[in-house]
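So this block is work-v2.cif, mmCIF, C-alpha atoms:
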```
data_work
loop_
_atom_site.group_PDB
_atom_site.id
_atom_site.type_symbol
_atom_site.label_atom_id
_atom_site.label_comp_id
_atom_site.auth_asym_id
_atom_site.auth_seq_id
_atom_site.Cartn_x
_atom_site.Cartn_y
_atom_site.Cartn_z
ATOM 1 C CA MET A 7 -4.747 9.911 5.044
ATOM 2 C CA ASN A 8 -2.392 10.988 2.258
ATOM 3 C CA PHE A 9 -0.518 13.353 4.584
ATOM 4 C CA TYR A 10 -0.045 10.627 7.223
ATOM 5 C CA GLU A 11 1.227 8.124 4.641
ATOM 6 C CA THR A 12 3.597 10.724 3.196
ATOM 7 C CA ILE A 13 5.050 11.481 6.633
ATOM 8 C CA ARG A 14 5.517 7.757 7.347
ATOM 9 C CA GLY A 15 7.306 7.252 4.010
ATOM 10 C CA LEU A 16 9.366 10.434 4.120
ATOM 11 C CA VAL A 17 12.712 8.620 4.303
ATOM 12 C CA THR A 18 11.857 6.550 1.227
ATOM 13 C CA ILE A 19 10.557 9.593 -0.663
ATOM 14 C CA ARG A 20 13.788 11.462 0.017
ATOM 15 C CA ALA A 21 15.903 8.418 -0.849
ATOM 16 C CA PHE A 22 14.278 8.155 -4.279
ATOM 17 C CA ARG A 23 14.339 11.955 -4.758
ATOM 18 C CA LYS A 24 10.562 12.194 -5.258
ATOM 19 C CA VAL A 25 9.971 15.118 -2.869
ATOM 20 C CA LYS A 26 8.723 17.467 -5.616
ATOM 21 C CA LYS A 27 6.309 14.831 -6.932
ATOM 22 C CA PHE A 28 4.814 14.209 -3.496
ATOM 23 C CA CYS A 29 4.651 17.933 -2.693
ATOM 24 C CA LYS A 30 2.718 18.483 -5.928
ATOM 25 C CA GLN A 31 0.436 15.512 -5.213
ATOM 26 C CA ASN A 32 -0.206 16.750 -1.661
ATOM 27 C CA GLU A 33 -0.940 20.243 -2.993
ATOM 28 C CA ASP A 34 -3.468 18.790 -5.467
ATOM 29 C CA TYR A 35 -5.184 16.789 -2.717
ATOM 30 C CA LEU A 36 -5.230 19.851 -0.472
ATOM 31 C CA ASN A 37 -6.765 21.997 -3.220
ATOM 32 C CA LYS A 38 -9.509 19.408 -3.800
ATOM 33 C CA PHE A 39 -10.221 19.235 -0.073
ATOM 34 C CA ILE A 40 -10.345 23.025 0.290
ATOM 35 C CA ARG A 41 -12.643 23.310 -2.733
ATOM 36 C CA ALA A 42 -15.069 20.753 -1.273
ATOM 37 C CA SER A 43 -14.832 22.264 2.205
ATOM 38 C CA TYR A 44 -15.476 25.769 0.857
ATOM 39 C CA ASN A 45 -18.560 24.592 -1.038
ATOM 40 C CA SER A 46 -19.835 22.811 2.070
ATOM 41 C CA GLN A 47 -19.332 25.919 4.198
ATOM 42 C CA ALA A 48 -20.971 28.128 1.557
ATOM 43 C CA ALA A 49 -24.025 25.840 1.461
ATOM 44 C CA SER A 50 -24.155 25.846 5.259
ATOM 45 C CA GLN A 51 -23.994 29.650 5.361
ATOM 46 C CA TRP A 52 -26.688 29.866 2.676
ATOM 47 C CA LEU A 53 -28.960 27.602 4.764
ATOM 48 C CA SER A 54 -28.203 29.546 7.936
ATOM 49 C CA PHE A 55 -29.059 32.856 6.248
ATOM 50 C CA ARG A 56 -32.368 31.462 4.953
ATOM 51 C CA LEU A 57 -33.270 30.124 8.379
ATOM 52 C CA GLN A 58 -32.469 33.479 9.967
ATOM 53 C CA MET A 59 -34.713 35.199 7.417
ATOM 54 C CA ILE A 60 -37.551 32.805 8.323
ATOM 55 C CA SER A 61 -36.918 33.642 11.992
ATOM 56 C CA VAL A 62 -37.032 37.370 11.240
ATOM 57 C CA ILE A 63 -40.342 36.935 9.404
ATOM 58 C CA MET A 64 -41.836 34.977 12.322
ATOM 59 C CA ILE A 65 -40.638 37.490 14.942
ATOM 60 C CA THR A 66 -41.805 40.423 12.805
ATOM 61 C CA THR A 67 -45.228 38.811 12.399
ATOM 62 C CA VAL A 68 -45.609 38.361 16.171
ATOM 63 C CA GLY A 69 -44.331 41.892 16.776
ATOM 64 C CA LEU A 70 -46.722 43.449 14.227
ATOM 65 C CA THR A 71 -49.594 41.448 15.692
ATOM 66 C CA ALA A 72 -48.700 42.833 19.124
ATOM 67 C CA VAL A 73 -48.585 46.403 17.773
ATOM 68 C CA LEU A 74 -51.955 45.984 16.033
ATOM 69 C CA GLN A 75 -53.512 44.522 19.182
ATOM 70 C CA HIS A 76 -52.156 47.442 21.213
ATOM 71 C CA THR A 77 -53.517 49.907 18.635
ATOM 72 C CA TYR A 78 -57.016 48.444 18.848
ATOM 73 C CA GLY A 79 -56.824 48.054 22.616
ATOM 74 C CA THR A 80 -57.092 44.266 22.703
ATOM 75 C CA ALA A 81 -53.478 43.617 23.739
ATOM 76 C CA ASN A 82 -52.515 41.770 26.858
ATOM 77 C CA ALA A 83 -48.911 42.682 27.740
ATOM 78 C CA SER A 84 -48.158 39.393 29.467
ATOM 79 C CA LEU A 85 -49.381 37.350 26.464
ATOM 80 C CA ILE A 86 -47.374 39.501 24.035
ATOM 81 C CA GLY A 87 -44.225 39.005 26.164
ATOM 82 C CA LEU A 88 -44.879 35.268 26.344
ATOM 83 C CA ALA A 89 -45.431 35.051 22.565
ATOM 84 C CA LEU A 90 -42.188 36.964 21.843
ATOM 85 C CA SER A 91 -40.134 34.825 24.234
ATOM 86 C CA TYR A 92 -41.599 31.622 22.760
ATOM 87 C CA ILE A 93 -41.057 32.720 19.161
ATOM 88 C CA LEU A 94 -37.390 33.498 19.933
ATOM 89 C CA SER A 95 -36.816 30.038 21.404
ATOM 90 C CA VAL A 96 -38.851 28.312 18.661
ATOM 91 C CA THR A 97 -36.800 29.926 15.895
ATOM 92 C CA GLY A 98 -33.567 28.838 17.621
ATOM 93 C CA MET A 99 -34.853 25.272 17.931
ATOM 94 C CA LEU A 100 -36.036 25.321 14.307
ATOM 95 C CA ASN A 101 -32.582 26.454 13.167
ATOM 96 C CA GLY A 102 -30.927 23.706 15.231
ATOM 97 C CA LEU A 103 -33.331 21.038 13.971
ATOM 98 C CA ILE A 104 -32.924 21.866 10.288
ATOM 99 C CA THR A 105 -29.146 22.213 10.653
ATOM 100 C CA SER A 106 -28.997 18.798 12.373
ATOM 101 C CA PHE A 107 -31.031 17.207 9.584
ATOM 102 C CA SER A 108 -28.827 18.730 6.885
ATOM 103 C CA GLU A 109 -25.608 17.648 8.671
ATOM 104 C CA THR A 110 -26.997 14.126 9.119
ATOM 105 C CA GLU A 111 -27.867 13.947 5.427
ATOM 106 C CA LYS A 112 -24.391 15.162 4.496
ATOM 107 C CA GLU A 113 -22.685 12.557 6.694
ATOM 108 C CA MET A 114 -24.939 9.708 5.499
ATOM 109 C CA VAL A 115 -23.194 9.764 2.116
ATOM 110 C CA SER A 116 -20.328 7.695 3.558
ATOM 111 C CA VAL A 117 -22.813 5.179 4.994
ATOM 112 C CA GLU A 118 -24.505 4.902 1.590
ATOM 113 C CA ARG A 119 -21.126 4.345 -0.049
ATOM 114 C CA ALA A 120 -20.254 1.580 2.428
ATOM 115 C CA TYR A 121 -23.657 -0.025 1.808
ATOM 116 C CA GLN A 122 -23.017 0.025 -1.956
ATOM 117 C CA PHE A 123 -19.643 -1.697 -1.456
ATOM 118 C CA ARG A 124 -21.320 -4.303 0.732
ATOM 119 C CA ASN A 125 -23.717 -5.188 -2.075
ATOM 120 C CA LEU A 126 -21.052 -5.561 -4.781
ATOM 121 C CA ASP A 127 -20.943 -8.967 -6.424
ATOM 122 C CA SER A 128 -17.877 -11.078 -5.715
ATOM 123 C CA GLU A 129 -15.359 -11.423 -8.487
ATOM 124 C CA ASN A 130 -15.237 -14.663 -10.432
ATOM 125 C CA TRP A 131 -12.628 -16.899 -8.793
ATOM 126 C CA GLN A 132 -13.121 -19.903 -11.058
ATOM 127 C CA GLY A 133 -9.969 -21.377 -12.488
ATOM 128 C CA ILE A 134 -7.677 -20.118 -9.745
ATOM 129 C CA GLU A 135 -5.761 -22.887 -8.044
ATOM 130 C CA GLN A 136 -5.573 -22.967 -4.286
ATOM 131 C CA VAL A 137 -2.000 -22.754 -3.050
ATOM 132 C CA SER A 138 -0.967 -24.875 -0.082
ATOM 133 C CA GLU A 139 -0.201 -23.092 3.164
ATOM 134 C CA THR A 140 3.385 -24.372 3.127
ATOM 135 C CA TRP A 141 4.065 -22.984 -0.360
ATOM 136 C CA PRO A 142 6.801 -22.652 -1.442
ATOM 137 C CA GLU A 143 8.145 -25.844 0.075
ATOM 138 C CA ARG A 144 11.288 -25.642 -1.997
ATOM 139 C CA ALA A 145 12.166 -22.287 -3.446
ATOM 140 C CA LYS A 146 14.873 -21.661 -6.017
ATOM 141 C CA ILE A 147 15.880 -19.132 -8.630
ATOM 142 C CA GLU A 148 17.106 -20.626 -11.876
ATOM 143 C CA PHE A 149 18.895 -18.867 -14.731
ATOM 144 C CA GLN A 150 19.280 -20.796 -17.986
ATOM 145 C CA ASN A 151 21.452 -19.555 -20.852
ATOM 146 C CA VAL A 152 21.260 -15.878 -19.841
ATOM 147 C CA ASN A 153 22.879 -13.307 -22.144
ATOM 148 C CA LEU A 154 23.344 -9.714 -21.006
ATOM 149 C CA ARG A 155 24.630 -6.508 -22.631
ATOM 150 C CA TYR A 156 25.049 -3.135 -20.939
ATOM 151 C CA THR A 157 23.886 -1.298 -24.053
ATOM 152 C CA GLY A 158 22.238 -2.383 -27.270
ATOM 153 C CA GLU A 159 25.382 -2.968 -29.372
ATOM 154 C CA SER A 160 28.042 -3.585 -26.708
ATOM 155 C CA GLN A 161 29.887 -6.813 -26.109
ATOM 156 C CA LEU A 162 28.102 -9.506 -24.066
ATOM 157 C CA ALA A 163 28.787 -9.109 -20.344
ATOM 158 C CA LEU A 164 27.150 -12.483 -19.631
ATOM 159 C CA ASN A 165 27.232 -15.161 -22.327
ATOM 160 C CA ASN A 166 25.064 -18.293 -21.926
ATOM 161 C CA VAL A 167 25.315 -18.209 -18.128
ATOM 162 C CA SER A 168 23.284 -20.825 -16.268
ATOM 163 C CA PHE A 169 23.048 -21.300 -12.511
ATOM 164 C CA VAL A 170 20.609 -22.204 -9.741
ATOM 165 C CA ILE A 171 20.217 -20.458 -6.379
ATOM 166 C CA ASN A 172 18.587 -22.844 -3.923
ATOM 167 C CA GLN A 173 16.484 -21.922 -0.922
ATOM 168 C CA GLY A 174 18.577 -20.507 1.913
ATOM 169 C CA GLU A 175 21.741 -20.015 -0.162
ATOM 170 C CA LYS A 176 23.568 -16.738 0.001
ATOM 171 C CA ILE A 177 25.274 -15.480 -3.138
ATOM 172 C CA GLY A 178 27.622 -12.665 -3.992
ATOM 173 C CA ILE A 179 28.540 -10.999 -7.255
ATOM 174 C CA CYS A 180 32.233 -10.382 -7.790
ATOM 175 C CA GLY A 181 33.837 -8.106 -10.318
ATOM 176 C CA ARG A 182 36.269 -5.278 -10.728
ATOM 177 C CA THR A 183 35.467 -1.744 -9.635
ATOM 178 C CA GLY A 184 33.227 0.057 -12.103
ATOM 179 C CA SER A 185 31.898 -3.126 -13.689
ATOM 180 C CA GLU A 186 28.297 -2.250 -12.735
ATOM 181 C CA LYS A 187 27.608 -5.231 -10.503
ATOM 182 C CA ASN A 188 24.438 -3.671 -9.134
#
```
Take the structure in this file and express it as C-alpha cells.
Amino acid sequence: MNFYETIRGLVTIRAFRKVKKFCKQNEDYLNKFIRASYNSQAASQWLSFRLQMISVIMITTVGLTAVLQHTYGTANASLIGLALSYILSVTGMLNGLITSFSETEKEMVSVERAYQFRNLDSENWQGIEQVSETWPERAKIEFQNVNLRYTGESQLALNNVSFVINQGEKIGICGRTGSEKN
C-alpha cells in the first residue's frame, strides 16, 4: 500500500523535495516486510522438514516390517507393495493437510483483527453539534486589526489592517517585486 501511495504522490513528493525522506521510509517498510516474510518462510521450512522426518519414520517402519516379514517367511509381496504405495500417498496427504491448517491459522490473524475492530466501542459523541447540510450558507474570511512583521524586530509590514473577504469574491495581493507577497 505504501509503495502505491508513494507512486501516486510522486509529483508532490518531488515538488516538496522529500524524495530522500520517502526513500528512507520505503526502505524501512521494506525491511520490516522482508523480516516478517523471512521468519514466515523459516517457520514454514521448519514445519516442512519435521513433516518429512515423520514421513521418513513411517516409510522406514513399513519397510522394516516388510524386511522382517520376508526374513521370517510370512511376507506377501503384493501386500508389502500395497502398504508402501499407501504410506507414500498418506504421508503426502498428511503434509498437505498440516500445511493447509497452518496456512489457514496464519491467515486468520487478519480476520481476528477485523473482528476486534468490529467490537470496539463507539467514541463519545455527546456535546458535538450537528452541522446543517447547507453549511456554510454564508462564508467569509475576516481580518481585524492584523499586524505583521517579516522578522521579530523589523518594521511592521501590515499595521492594524482590517478587511473582509466575502463568499465568491476573488482577491489579489499587490506589491513591488521582492516584497514577499506569498
For atom CA of Leu90 of chain A and atom CA of Val68 of chain A, quote the distance in Å rounded to one decimal.
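Atom CA of Val68 of chain A lies 6.8 Å from atom CA of Leu90 of chain A.
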Distance atom CA of Ala145 of chain A-atom CA of Gly174 of chain A, one decimal place?
8.5 Å
Interatomic distance (Å, one decimal) between atom CA of Ser116 of chain A and atom CA of Gln31 of chain A
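Atom CA of Gln31 of chain A lies at a distance of 23.9 Å from atom CA of Ser116 of chain A.
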Minimum-distance residue to Ser91 of chain A, chosen among A:Ser138, A:Phe39, A:Gly69, A:Arg144 (using only C-alpha atoms)
A:Gly69
For Phe28 of chain A, find every residue with an atom within 12 Å (counting only C-alpha atoms), except residues of its own chain fewer than 6 positions away, and show them as a list in words.
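Neighbouring residues, sequence-local ones excluded: Asn8, Phe9, Glu11, Thr12, Ile13, Gly15, Leu16, Thr18, Ile19, Arg20, Phe22, Asp34, Tyr35 and Leu36 of chain A.
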Writing out the chosen residues with C-alpha atoms as a compact mmCIF listing (two decimals), in the frame of the given file:
```
# COMPACT_ATOMS: atom_id res chain seq x y z
CA ASN A 8 -2.39 10.99 2.26
CA PHE A 9 -0.52 13.35 4.58
CA GLU A 11 1.23 8.12 4.64
CA THR A 12 3.60 10.72 3.20
CA ILE A 13 5.05 11.48 6.63
CA GLY A 15 7.31 7.25 4.01
CA LEU A 16 9.37 10.43 4.12
CA THR A 18 11.86 6.55 1.23
CA ILE A 19 10.56 9.59 -0.66
CA ARG A 20 13.79 11.46 0.02
CA PHE A 22 14.28 8.15 -4.28
CA ASP A 34 -3.47 18.79 -5.47
CA TYR A 35 -5.18 16.79 -2.72
CA LEU A 36 -5.23 19.85 -0.47
```
Could you give me, as a list of chain:residue names, the residues within 12 Å of Ser61 of chain A, counting all atoms listed in the file and dropping anything in the same chain fewer than 2 positions from it?
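These residues fall inside the cut-off: A:Ser54, A:Phe55, A:Arg56, A:Leu57, A:Gln58, A:Met59, A:Ile63, A:Met64, A:Ile65, A:Thr66, A:Thr67, A:Val68, A:Leu90, A:Tyr92, A:Ile93, A:Leu94, A:Ser95, A:Val96, A:Thr97, A:Gly98, A:Met99, A:Leu100, A:Asn101.
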Surrounding residues of segment 164-170 of chain A excluding itself and chain neighbours under 2 positions, 8 Å, all atoms listed in the file, as a list in words:
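The neighbour list is Lys146, Ile147, Glu148, Phe149, Gln150, Asn151, Val152, Asn153, Leu154, Arg155, Leu162 and Asn172 of chain A.
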Compare A:Leu70, A:Gln136, A:Thr105, A:Arg119 by their minimum atom-to-atom distance to Trp52 of chain A, counting all atoms listed in the file, and give me the closest one.
A:Thr105
Report as lines of an AutoDock Vina configuration file the centre and the edge lengths, in Å to one decimal, of the axis-aligned box holding every listed atom of segment 83-100 of chain A, padded by 5 Å on each side.
```
center_x = -41.5
center_y = 34.0
center_z = 21.9
size_x = 25.8
size_y = 27.4
size_z = 25.2
```
